[in-house]
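A.B. asks: The file below is final.pdb, PDB, N, CA and C atoms, pLDDT in the B column:
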```pdb
ATOM      1  N   MET A   1      19.092  -1.497  20.901  1.00 86.00           N
ATOM      2  CA  MET A   1      19.082  -1.069  19.511  1.00 86.00           C
ATOM      3  C   MET A   1      17.821  -0.252  19.275  1.00 86.00           C
ATOM      4  N   THR A   2      17.959   0.763  18.479  1.00 91.00           N
ATOM      5  CA  THR A   2      16.824   1.596  18.117  1.00 91.00           C
ATOM      6  C   THR A   2      16.370   1.247  16.701  1.00 91.00           C
ATOM      7  N   VAL A   3      15.190   1.697  16.363  1.00 93.00           N
ATOM      8  CA  VAL A   3      14.677   1.502  15.011  1.00 93.00           C
ATOM      9  C   VAL A   3      15.589   2.212  14.011  1.00 93.00           C
ATOM     10  N   GLU A   4      16.093   3.365  14.380  1.00 95.00           N
ATOM     11  CA  GLU A   4      16.991   4.117  13.489  1.00 95.00           C
ATOM     12  C   GLU A   4      18.286   3.339  13.223  1.00 95.00           C
ATOM     13  N   THR A   5      18.842   2.723  14.238  1.00 95.00           N
ATOM     14  CA  THR A   5      20.042   1.907  14.062  1.00 95.00           C
ATOM     15  C   THR A   5      19.747   0.722  13.145  1.00 95.00           C
ATOM     16  N   LEU A   6      18.605   0.090  13.362  1.00 95.00           N
ATOM     17  CA  LEU A   6      18.207  -1.029  12.505  1.00 95.00           C
ATOM     18  C   LEU A   6      18.034  -0.561  11.065  1.00 95.00           C
ATOM     19  N   ARG A   7      17.408   0.590  10.875  1.00 95.00           N
ATOM     20  CA  ARG A   7      17.226   1.137   9.534  1.00 95.00           C
ATOM     21  C   ARG A   7      18.579   1.386   8.876  1.00 95.00           C
ATOM     22  N   ASN A   8      19.530   1.915   9.627  1.00 97.00           N
ATOM     23  CA  ASN A   8      20.872   2.152   9.086  1.00 97.00           C
ATOM     24  C   ASN A   8      21.537   0.846   8.666  1.00 97.00           C
ATOM     25  N   ARG A   9      21.384  -0.194   9.460  1.00 96.00           N
ATOM     26  CA  ARG A   9      21.939  -1.505   9.099  1.00 96.00           C
ATOM     27  C   ARG A   9      21.270  -2.041   7.837  1.00 96.00           C
ATOM     28  N   PHE A  10      19.956  -1.850   7.748  1.00 96.00           N
ATOM     29  CA  PHE A  10      19.208  -2.285   6.568  1.00 96.00           C
ATOM     30  C   PHE A  10      19.768  -1.601   5.323  1.00 96.00           C
ATOM     31  N   VAL A  11      19.964  -0.301   5.396  1.00 97.00           N
ATOM     32  CA  VAL A  11      20.482   0.467   4.255  1.00 97.00           C
ATOM     33  C   VAL A  11      21.888  -0.006   3.893  1.00 97.00           C
ATOM     34  N   ASP A  12      22.728  -0.267   4.898  1.00 97.00           N
ATOM     35  CA  ASP A  12      24.080  -0.753   4.630  1.00 97.00           C
ATOM     36  C   ASP A  12      24.074  -2.094   3.894  1.00 97.00           C
ATOM     37  N   VAL A  13      23.181  -2.980   4.302  1.00 95.00           N
ATOM     38  CA  VAL A  13      23.130  -4.320   3.717  1.00 95.00           C
ATOM     39  C   VAL A  13      22.418  -4.326   2.370  1.00 95.00           C
ATOM     40  N   LYS A  14      21.260  -3.700   2.308  1.00 95.00           N
ATOM     41  CA  LYS A  14      20.406  -3.775   1.116  1.00 95.00           C
ATOM     42  C   LYS A  14      20.699  -2.679   0.088  1.00 95.00           C
ATOM     43  N   GLN A  15      21.430  -1.649   0.504  1.00 97.00           N
ATOM     44  CA  GLN A  15      21.753  -0.521  -0.384  1.00 97.00           C
ATOM     45  C   GLN A  15      20.503   0.219  -0.879  1.00 97.00           C
ATOM     46  N   CYS A  16      19.465   0.230  -0.056  1.00 96.00           N
ATOM     47  CA  CYS A  16      18.251   0.997  -0.350  1.00 96.00           C
ATOM     48  C   CYS A  16      17.510   1.234   0.962  1.00 96.00           C
ATOM     49  N   GLU A  17      16.600   2.183   0.931  1.00 96.00           N
ATOM     50  CA  GLU A  17      15.779   2.473   2.097  1.00 96.00           C
ATOM     51  C   GLU A  17      14.683   1.419   2.230  1.00 96.00           C
ATOM     52  N   PRO A  18      14.310   1.065   3.454  1.00 94.00           N
ATOM     53  CA  PRO A  18      13.175   0.147   3.611  1.00 94.00           C
ATOM     54  C   PRO A  18      11.897   0.837   3.168  1.00 94.00           C
ATOM     55  N   GLU A  19      11.010   0.095   2.554  1.00 92.00           N
ATOM     56  CA  GLU A  19       9.743   0.652   2.082  1.00 92.00           C
ATOM     57  C   GLU A  19       8.791   0.945   3.229  1.00 92.00           C
ATOM     58  N   ASN A  20       8.911   0.145   4.319  1.00 90.00           N
ATOM     59  CA  ASN A  20       8.010   0.312   5.457  1.00 90.00           C
ATOM     60  C   ASN A  20       8.599  -0.399   6.679  1.00 90.00           C
ATOM     61  N   HIS A  21       7.873  -0.281   7.794  1.00 89.00           N
ATOM     62  CA  HIS A  21       8.337  -0.924   9.027  1.00 89.00           C
ATOM     63  C   HIS A  21       8.237  -2.448   8.948  1.00 89.00           C
ATOM     64  N   ASP A  22       7.369  -2.950   8.087  1.00 90.00           N
ATOM     65  CA  ASP A  22       7.235  -4.401   7.931  1.00 90.00           C
ATOM     66  C   ASP A  22       8.554  -5.012   7.457  1.00 90.00           C
ATOM     67  N   GLN A  23       9.213  -4.357   6.527  1.00 92.00           N
ATOM     68  CA  GLN A  23      10.512  -4.839   6.040  1.00 92.00           C
ATOM     69  C   GLN A  23      11.543  -4.823   7.155  1.00 92.00           C
ATOM     70  N   LEU A  24      11.513  -3.794   7.983  1.00 92.00           N
ATOM     71  CA  LEU A  24      12.453  -3.719   9.103  1.00 92.00           C
ATOM     72  C   LEU A  24      12.184  -4.819  10.124  1.00 92.00           C
ATOM     73  N   LEU A  25      10.928  -5.122  10.341  1.00 92.00           N
ATOM     74  CA  LEU A  25      10.564  -6.189  11.274  1.00 92.00           C
ATOM     75  C   LEU A  25      11.132  -7.521  10.808  1.00 92.00           C
ATOM     76  N   ASP A  26      10.943  -7.849   9.540  1.00 92.00           N
ATOM     77  CA  ASP A  26      11.474  -9.095   8.996  1.00 92.00           C
ATOM     78  C   ASP A  26      13.004  -9.096   8.988  1.00 92.00           C
ATOM     79  N   PHE A  27      13.615  -7.954   8.700  1.00 95.00           N
ATOM     80  CA  PHE A  27      15.066  -7.831   8.721  1.00 95.00           C
ATOM     81  C   PHE A  27      15.597  -8.100  10.128  1.00 95.00           C
ATOM     82  N   ALA A  28      14.940  -7.543  11.142  1.00 94.00           N
ATOM     83  CA  ALA A  28      15.344  -7.767  12.533  1.00 94.00           C
ATOM     84  C   ALA A  28      15.209  -9.234  12.904  1.00 94.00           C
ATOM     85  N   ARG A  29      14.140  -9.877  12.469  1.00 92.00           N
ATOM     86  CA  ARG A  29      13.952 -11.298  12.784  1.00 92.00           C
ATOM     87  C   ARG A  29      15.042 -12.150  12.152  1.00 92.00           C
ATOM     88  N   ARG A  30      15.388 -11.855  10.915  1.00 94.00           N
ATOM     89  CA  ARG A  30      16.475 -12.609  10.265  1.00 94.00           C
ATOM     90  C   ARG A  30      17.790 -12.395  11.001  1.00 94.00           C
ATOM     91  N   LYS A  31      18.069 -11.159  11.406  1.00 95.00           N
ATOM     92  CA  LYS A  31      19.306 -10.860  12.140  1.00 95.00           C
ATOM     93  C   LYS A  31      19.335 -11.609  13.468  1.00 95.00           C
ATOM     94  N   TYR A  32      18.199 -11.663  14.156  1.00 96.00           N
ATOM     95  CA  TYR A  32      18.130 -12.373  15.426  1.00 96.00           C
ATOM     96  C   TYR A  32      18.352 -13.873  15.225  1.00 96.00           C
ATOM     97  N   LEU A  33      17.682 -14.447  14.232  1.00 95.00           N
ATOM     98  CA  LEU A  33      17.820 -15.882  13.976  1.00 95.00           C
ATOM     99  C   LEU A  33      19.239 -16.260  13.567  1.00 95.00           C
ATOM    100  N   LYS A  34      19.960 -15.332  12.943  1.00 96.00           N
ATOM    101  CA  LYS A  34      21.357 -15.577  12.571  1.00 96.00           C
ATOM    102  C   LYS A  34      22.318 -15.312  13.724  1.00 96.00           C
ATOM    103  N   GLY A  35      21.802 -14.840  14.855  1.00 96.00           N
ATOM    104  CA  GLY A  35      22.640 -14.556  16.006  1.00 96.00           C
ATOM    105  C   GLY A  35      23.330 -13.207  15.943  1.00 96.00           C
ATOM    106  N   GLU A  36      22.847 -12.334  15.076  1.00 95.00           N
ATOM    107  CA  GLU A  36      23.465 -11.026  14.911  1.00 95.00           C
ATOM    108  C   GLU A  36      22.820  -9.957  15.785  1.00 95.00           C
ATOM    109  N   LEU A  37      21.730 -10.296  16.461  1.00 95.00           N
ATOM    110  CA  LEU A  37      21.077  -9.421  17.440  1.00 95.00           C
ATOM    111  C   LEU A  37      20.892 -10.222  18.718  1.00 95.00           C
ATOM    112  N   SER A  38      21.123  -9.583  19.847  1.00 96.00           N
ATOM    113  CA  SER A  38      20.860 -10.249  21.121  1.00 96.00           C
ATOM    114  C   SER A  38      19.358 -10.279  21.367  1.00 96.00           C
ATOM    115  N   LEU A  39      18.935 -11.098  22.297  1.00 96.00           N
ATOM    116  CA  LEU A  39      17.515 -11.195  22.610  1.00 96.00           C
ATOM    117  C   LEU A  39      16.974  -9.851  23.088  1.00 96.00           C
ATOM    118  N   SER A  40      17.726  -9.155  23.921  1.00 96.00           N
ATOM    119  CA  SER A  40      17.239  -7.866  24.422  1.00 96.00           C
ATOM    120  C   SER A  40      17.138  -6.828  23.307  1.00 96.00           C
ATOM    121  N   GLU A  41      18.108  -6.807  22.385  1.00 95.00           N
ATOM    122  CA  GLU A  41      18.037  -5.893  21.247  1.00 95.00           C
ATOM    123  C   GLU A  41      16.827  -6.223  20.378  1.00 95.00           C
ATOM    124  N   TYR A  42      16.648  -7.497  20.136  1.00 94.00           N
ATOM    125  CA  TYR A  42      15.540  -7.970  19.305  1.00 94.00           C
ATOM    126  C   TYR A  42      14.198  -7.561  19.905  1.00 94.00           C
ATOM    127  N   LYS A  43      14.012  -7.844  21.186  1.00 95.00           N
ATOM    128  CA  LYS A  43      12.754  -7.514  21.840  1.00 95.00           C
ATOM    129  C   LYS A  43      12.466  -6.016  21.787  1.00 95.00           C
ATOM    130  N   LYS A  44      13.486  -5.219  22.030  1.00 95.00           N
ATOM    131  CA  LYS A  44      13.311  -3.772  22.054  1.00 95.00           C
ATOM    132  C   LYS A  44      12.882  -3.237  20.685  1.00 95.00           C
ATOM    133  N   VAL A  45      13.567  -3.661  19.645  1.00 94.00           N
ATOM    134  CA  VAL A  45      13.262  -3.139  18.311  1.00 94.00           C
ATOM    135  C   VAL A  45      11.951  -3.704  17.778  1.00 94.00           C
ATOM    136  N   ILE A  46      11.651  -4.961  18.055  1.00 92.00           N
ATOM    137  CA  ILE A  46      10.386  -5.555  17.614  1.00 92.00           C
ATOM    138  C   ILE A  46       9.215  -4.856  18.298  1.00 92.00           C
ATOM    139  N   TYR A  47       9.340  -4.599  19.578  1.00 92.00           N
ATOM    140  CA  TYR A  47       8.282  -3.906  20.307  1.00 92.00           C
ATOM    141  C   TYR A  47       8.028  -2.528  19.693  1.00 92.00           C
ATOM    142  N   ALA A  48       9.098  -1.781  19.437  1.00 93.00           N
ATOM    143  CA  ALA A  48       8.963  -0.434  18.859  1.00 93.00           C
ATOM    144  C   ALA A  48       8.308  -0.494  17.480  1.00 93.00           C
ATOM    145  N   LEU A  49       8.717  -1.443  16.652  1.00 91.00           N
ATOM    146  CA  LEU A  49       8.147  -1.566  15.313  1.00 91.00           C
ATOM    147  C   LEU A  49       6.675  -1.971  15.367  1.00 91.00           C
ATOM    148  N   GLU A  50       6.338  -2.897  16.244  1.00 88.00           N
ATOM    149  CA  GLU A  50       4.945  -3.331  16.356  1.00 88.00           C
ATOM    150  C   GLU A  50       4.059  -2.210  16.899  1.00 88.00           C
ATOM    151  N   GLN A  51       4.614  -1.356  17.756  1.00 90.00           N
ATOM    152  CA  GLN A  51       3.857  -0.204  18.249  1.00 90.00           C
ATOM    153  C   GLN A  51       3.538   0.768  17.115  1.00 90.00           C
ATOM    154  N   ASP A  52       4.393   0.788  16.102  1.00 86.00           N
ATOM    155  CA  ASP A  52       4.174   1.633  14.920  1.00 86.00           C
ATOM    156  C   ASP A  52       3.308   0.939  13.870  1.00 86.00           C
ATOM    157  N   GLY A  53       2.812  -0.276  14.180  1.00 86.00           N
ATOM    158  CA  GLY A  53       1.895  -0.962  13.284  1.00 86.00           C
ATOM    159  C   GLY A  53       2.527  -1.971  12.352  1.00 86.00           C
ATOM    160  N   ALA A  54       3.792  -2.296  12.542  1.00 83.00           N
ATOM    161  CA  ALA A  54       4.461  -3.259  11.671  1.00 83.00           C
ATOM    162  C   ALA A  54       3.895  -4.662  11.882  1.00 83.00           C
ATOM    163  N   THR A  55       3.793  -5.375  10.774  1.00 81.00           N
ATOM    164  CA  THR A  55       3.411  -6.783  10.814  1.00 81.00           C
ATOM    165  C   THR A  55       4.395  -7.556   9.949  1.00 81.00           C
ATOM    166  N   SER A  56       4.588  -8.806  10.283  1.00 76.00           N
ATOM    167  CA  SER A  56       5.566  -9.618   9.567  1.00 76.00           C
ATOM    168  C   SER A  56       5.097  -9.954   8.155  1.00 76.00           C
ATOM    169  N   LEU A  57       6.013  -9.841   7.212  1.00 71.00           N
ATOM    170  CA  LEU A  57       5.712 -10.188   5.834  1.00 71.00           C
ATOM    171  C   LEU A  57       6.036 -11.650   5.545  1.00 71.00           C
ATOM    172  N   THR A  58       7.044 -12.209   6.235  1.00 67.00           N
ATOM    173  CA  THR A  58       7.483 -13.569   5.926  1.00 67.00           C
ATOM    174  C   THR A  58       7.182 -14.563   7.032  1.00 67.00           C
ATOM    175  N   PHE A  59       6.932 -14.092   8.246  1.00 60.00           N
ATOM    176  CA  PHE A  59       6.654 -14.980   9.363  1.00 60.00           C
ATOM    177  C   PHE A  59       5.216 -14.773   9.802  1.00 60.00           C
ATOM    178  N   PRO A  60       4.418 -15.830   9.821  1.00 54.00           N
ATOM    179  CA  PRO A  60       3.011 -15.672  10.226  1.00 54.00           C
ATOM    180  C   PRO A  60       2.866 -15.344  11.699  1.00 54.00           C
TER     181      PRO A  60
END
```
How does the structure come out when it is put into structure tokens?
C.D. replies:
Amino acid sequence: MTVETLRNRFVDVKQCEPENHDQLLDFARRKYLKGELSLSEYKKVIYALEQDGATSLTFP
């Protein structure tokens, strides 16, 4: 999964653009915990987001 694909899913679900990568990071974590992302997809997108400076808003 790419960050762009995750962003598209975010827009489909939330009906708005994410304000920043932090929101996408938390969205990806929720999707993973619900079983909607595989471990490999999760790792790939989390790594990309963290490289862009994302930090979790809801998970310490």
A.B. asks: Can you list, as a list of chain:residue names, the residues that the PyMOL selection byres (((chain A and resi 44-58 and name CA) around 9) and name CA) selects here?
C.D. replies: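 So the PyMOL selection byres (((chain A and resi 44-58 and name CA) around 9) and name CA) ends up selecting A:Met1, A:Thr2, A:Val3, A:Leu6, A:Asn20, A:His21, A:Asp22, A:Gln23, A:Leu24, A:Leu25, A:Asp26, A:Ala28, A:Arg29, A:Leu39, A:Ser40, A:Glu41, A:Tyr42, A:Lys43, A:Phe59, A:Pro60.
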A.B. asks: Work out how far atom N of A:Lys31 is from atom CA of A:Glu19, in Å to one decimal.
C.D. replies: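 So the answer is 17.2 Å.
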A.B. asks: Can you tell me, as a PyMOL selection string, which residues in stretch 1-56 of chain A count as alpha helix (DSSP H) by DSSP?
C.D. replies: chain A and resi 3-14+21-33+39-51
A.B. asks: Taking every listed atom of stretch 4-12 of chain A and adding 5 Å to each side, what centre and edge lengths in Å (one decimal) does the axis-aligned box have, as lines of an AutoDock Vina configuration file?
C.D. replies:
```
center_x = 20.1
center_y = 0.9
center_z = 9.1
size_x = 18.0
size_y = 16.4
size_z = 20.5
```
A.B. asks: Any idea what the distance is between atom C of A:Pro18 and atom N of A:Arg30?
C.D. replies: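 Going from atom C of A:Pro18 over to atom N of A:Arg30, I get 15.3 Å.
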A.B. asks: For the atom pair atom CA of A:Leu33 and atom CA of A:Arg9, what is the interatomic distance in Å to one decimal place?
C.D. replies: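 Calculated distance between atom CA of A:Leu33 and atom CA of A:Arg9 is 15.7 Å.
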